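Colleague: Handing you a structure now.
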Amino acid sequence: MTGEINKKVAELTARVDRLPTIVLPVSVILSLAFGYFIALYDVIDIGLAFSPTSLPYTGLTASEAPTVVSMGLFGYIPGAIILGYLADRIGRKPTLILTALLTGVGSLGNALSFNFLTFLIFRFITGMGIGGDLILVPVYLVEMVPAIKRATYFNLVYIAGWAGLGLGPFLASQIVLANPAIGWRIVFAVGATLAFIVLVIRSHASETVRMLGLKGKINEAENLVQEMERKALEKTKAQKLPEPIIHEYSIKNSNPFAVFKNPVYRVRVLAVMLSIFFFYFGEYPYLTEYPLWTSNFLGYSGSLGNQITFLFGLAGVATFLGAIGLRLVIERIRRAVLVTISYFLGMVLGIVFAVYGAIVRDLQVAFLGMLLTNFIGVGWSNQLNYLNGTENVPTYARATSFAFSDGVAHLGAAISTAIIFDFIPLLGNLATWVVFQIPMVIMGIILIAVLPNTIGASLESVNEAKAGN
């Protein structure tokens with residue numbers, strides 16, 4: 001791009017970053033939040049649909065259920081990468097609409113599934129839509145909220161969406177327990193209904209200022225920024241806005257995969273990808289197969305099986321509460337440091353209590369572990385992972401690079417959910433669950449050495465202006 005356009009885009013992004021408050025329309029915030037609700041609700045509802053209570057009514061065997069779970073996770077990978085690439089090439093808005101469509105079709109198909117094959121097909125489609133949504137929601141948010149307390153604003157939407165792993169599991173568990181024969185179908189149908197509502201709302205959202213600037217749509221970007229400034233003044237009742245801090249950098253609109261030619265970004269992206277890979281490697285077996293594990297390996301059935309299903313669903317509320325609790329520290333501690341803490345305290349220690357309690361049939365200890373895992377391990381780590389993945393790369397490749405990180409990382413989830421039960425005869429129950437958690441802590445420590453401090457910093461100041469294109 002010409003120097004004049006570069007300067008104008010730098011000015012526009014600086015004007016967004018200096019806004020004193022978030023000014024996105026409530027409808028857009030809700031559509032992003034419900035997109036997350038659906039995505040995260042879907043992660044857990046599959047575990048409840050295949051719980052000891054409802055599995056006999058799905059038409060699947062205990063050996064087929066983990067394969068179906070893995071198929072949805074495998075769908076995340078092409079969904080994230082393909083849709084992330086499209087978002088960098090054609091825009092955030094149209095791709096967000098497409099992700100909602102895929103999620104809705106897949107979830108509806110899940111609700112109507114009648115055999116192993118139909119489950120596999122629609123789980124894959126659902127996985128593609130969710131894989132794309134998990135990438136594009138944080139990308140859209142970090143590009144459209146001001147730099148000051150960016151993580152705090154991001155957390156607001158995340159809290160609403162995180163109810164999918166908080167209130168969602170509790171709701172799903174009650175539906176399943178109320179009528180196991182059809183309850184699992186209703187659980188999937190709820191996700192489909194929300195996805196189609198989200199699709200309609202997102203069609204009225206605007207493109208991000210940064211993407212408009214990248215595409216050379218300067219007038220459209222200028223009009224959008226002026227509207228955001230007007231709303232900020234109106235909302236804060238201020239007489240004038242702070243002066244923007246403009247960083248000098250060049251705008252690049254090329255193949256998003258060219259980002260890997262830059263050694264700084266290459267190291268950042270690979271480190272983030274591996275940390276998320278091992279997080280998913282440890283997290284997803286817990287989210288999707290913990291109740292099934294208690295049935296297959298510990299003999300939980302009948303009233304005991306119903307108890308563990310209820311407690312597992314109830315513990316999901318802690319994820320929602322954890323997302324709220326994160327607000328107290330998210331702008332005080334570097335993202336890389338905080339995510340490493342959450343990996344250890346939440347995933348490692350939480351899983352130890354949840355698994356040990358189930359083994360000795362002390363459901364109070366097991367429930368304590370579930371609460372710790374959900375509150376810190378799940379409720380904190382995912383948000384911090386997504387911030388790390390979106391804040392540390394340039395605009396022209398933000399969706400693609402994060403899609404690569406998160407998409408490839410979901411191989412960790414697909415692999416671990418498919419193989420974890422095979423390790424239990426070799427290592428034992430507790431040792432297997434713990435071994436699956438340790439690598440993420442090691443990668444978190446590596447992130448501390450690799451990633452810059454992004455708290456309150458402009459996206460361009462830690463990327464284009466510092467590391468180039």
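Naming scheme: A, B, ... for chains in displayed order of the structure tokens; residues 1 onward per chain; ligands 1 onward as shown.
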So which residues touch A:Gly104 within 7 Å, counting only C-alpha atoms, skipping near sequence neighbours fewer than 3 positions away, as an mmCIF file with N, CA, C and O atoms, in the first residue's frame?
Modeller:
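Below you can see selection05.cif, which holds the result:
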```
data_model
loop_
_atom_site.group_PDB
_atom_site.id
_atom_site.type_symbol
_atom_site.label_atom_id
_atom_site.label_comp_id
_atom_site.auth_asym_id
_atom_site.auth_seq_id
_atom_site.Cartn_x
_atom_site.Cartn_y
_atom_site.Cartn_z
ATOM 1 N N ALA A 100 -21.654 -19.918 11.729
ATOM 2 C CA ALA A 100 -22.936 -20.145 12.390
ATOM 3 C C ALA A 100 -23.809 -21.109 11.577
ATOM 4 O O ALA A 100 -24.502 -21.960 12.144
ATOM 5 N N LEU A 101 -23.755 -20.985 10.258
ATOM 6 C CA LEU A 101 -24.538 -21.874 9.398
ATOM 7 C C LEU A 101 -24.078 -23.326 9.549
ATOM 8 O O LEU A 101 -24.899 -24.243 9.703
ATOM 9 N N SER A 107 -25.481 -29.337 14.216
ATOM 10 C CA SER A 107 -26.177 -29.612 15.470
ATOM 11 C C SER A 107 -27.563 -30.191 15.216
ATOM 12 O O SER A 107 -28.013 -31.103 15.919
ATOM 13 N N LEU A 108 -28.253 -29.656 14.201
ATOM 14 C CA LEU A 108 -29.568 -30.198 13.856
ATOM 15 C C LEU A 108 -29.434 -31.638 13.387
ATOM 16 O O LEU A 108 -30.250 -32.504 13.745
ATOM 17 N N ALA A 192 -28.580 -26.127 17.931
ATOM 18 C CA ALA A 192 -28.940 -25.786 16.556
ATOM 19 C C ALA A 192 -29.806 -24.529 16.497
ATOM 20 O O ALA A 192 -29.595 -23.644 15.658
ATOM 21 N N THR A 193 -30.772 -24.440 17.380
ATOM 22 C CA THR A 193 -31.666 -23.278 17.410
ATOM 23 C C THR A 193 -30.889 -21.990 17.659
ATOM 24 O O THR A 193 -31.083 -20.979 16.971
ATOM 25 N N ALA A 195 -27.751 -21.447 17.083
ATOM 26 C CA ALA A 195 -26.845 -21.173 15.959
ATOM 27 C C ALA A 195 -27.564 -20.425 14.842
ATOM 28 O O ALA A 195 -27.011 -19.484 14.251
ATOM 29 N N PHE A 196 -28.780 -20.815 14.543
ATOM 30 C CA PHE A 196 -29.519 -20.137 13.470
ATOM 31 C C PHE A 196 -29.932 -18.721 13.882
ATOM 32 O O PHE A 196 -29.991 -17.814 13.044
#
```
Colleague: When you look at stretch 236-240 of chain A with a cut-off of 10 Å (counting only C-alpha atoms), what residues show up, excluding the ones that are within fewer than 5 positions of it in the same chain? I need them as a ChimeraX atom specification.
Modeller: /A:20-21,229,231
Colleague: Go ahead and save the residues from that selection, with all heavy atoms, as a JSON list (two decimals), in the first residue's frame.
Modeller:
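File written: part.json
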```json
[["chain", "number", "residue", "atom", "x", "y", "z"],
["A", 20, "PRO", "N", -12.28, 5.14, 25.18],
["A", 20, "PRO", "CA", -12.31, 4.84, 26.62],
["A", 20, "PRO", "C", -13.25, 3.71, 27.00],
["A", 20, "PRO", "O", -13.25, 3.28, 28.17],
["A", 20, "PRO", "CB", -12.78, 6.17, 27.22],
["A", 20, "PRO", "CG", -13.62, 6.78, 26.15],
["A", 20, "PRO", "CD", -12.97, 6.40, 24.85],
["A", 21, "THR", "N", -14.04, 3.22, 26.05],
["A", 21, "THR", "CA", -15.01, 2.18, 26.38],
["A", 21, "THR", "C", -15.36, 1.39, 25.13],
["A", 21, "THR", "O", -15.16, 1.86, 24.00],
["A", 21, "THR", "CB", -16.29, 2.79, 27.00],
["A", 21, "THR", "OG1", -17.17, 1.72, 27.39],
["A", 21, "THR", "CG2", -17.01, 3.67, 25.98],
["A", 229, "GLU", "N", -16.59, 6.63, 17.65],
["A", 229, "GLU", "CA", -16.21, 7.77, 18.47],
["A", 229, "GLU", "C", -17.43, 8.49, 19.02],
["A", 229, "GLU", "O", -17.47, 8.91, 20.18],
["A", 229, "GLU", "CB", -15.33, 8.72, 17.65],
["A", 229, "GLU", "CG", -13.95, 8.16, 17.34],
["A", 229, "GLU", "CD", -13.18, 8.99, 16.34],
["A", 229, "GLU", "OE1", -13.84, 9.70, 15.53],
["A", 229, "GLU", "OE2", -11.94, 8.95, 16.37],
["A", 231, "LYS", "N", -20.37, 7.23, 19.61],
["A", 231, "LYS", "CA", -20.99, 6.39, 20.64],
["A", 231, "LYS", "C", -20.17, 6.43, 21.94],
["A", 231, "LYS", "O", -20.74, 6.42, 23.03],
["A", 231, "LYS", "CB", -21.10, 4.96, 20.15],
["A", 231, "LYS", "CG", -22.16, 4.76, 19.07],
["A", 231, "LYS", "CD", -22.23, 3.29, 18.64],
["A", 231, "LYS", "CE", -23.32, 3.09, 17.59],
["A", 231, "LYS", "NZ", -23.38, 1.67, 17.13]]
```
Colleague: So, with only C-alpha atoms as the atoms that count, which of A:Ile77, A:Ile186, A:Pro394, A:Phe170 lies closest to A:Leu311?
Modeller: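 Nearest candidate to A:Leu311 out of A:Ile77, A:Ile186, A:Pro394, A:Phe170: A:Phe170.
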Colleague: Contacts of A:Phe421 at 9 Å or less, counting only C-alpha atoms, minus same-chain residues fewer than 6 places along, as a PyMOL selection string?
Modeller: chain A and resi 293+297+429+432
Colleague: Once you have the residues from the selection above, write them out as a PDB file, in the first residue's frame, restricted to C-alpha atoms.
Modeller:
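That gives us result08.pdb:
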```pdb
ATOM      1  CA  TRP A 293     -14.661 -43.281  32.079  1.00  0.00           C
ATOM      2  CA  PHE A 297     -13.493 -48.401  34.201  1.00  0.00           C
ATOM      3  CA  ASN A 429      -6.353 -44.601  36.125  1.00  0.00           C
ATOM      4  CA  THR A 432      -2.910 -41.789  32.959  1.00  0.00           C
TER       5      THR A 432
END
```
Colleague: When you count only C-alpha atoms, which of these residues is closest to A:Leu411: A:Leu98, A:Val329, A:Val142, A:Leu73?
Modeller: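 Counting only C-alpha atoms, the residue closest to A:Leu411 is A:Leu73.
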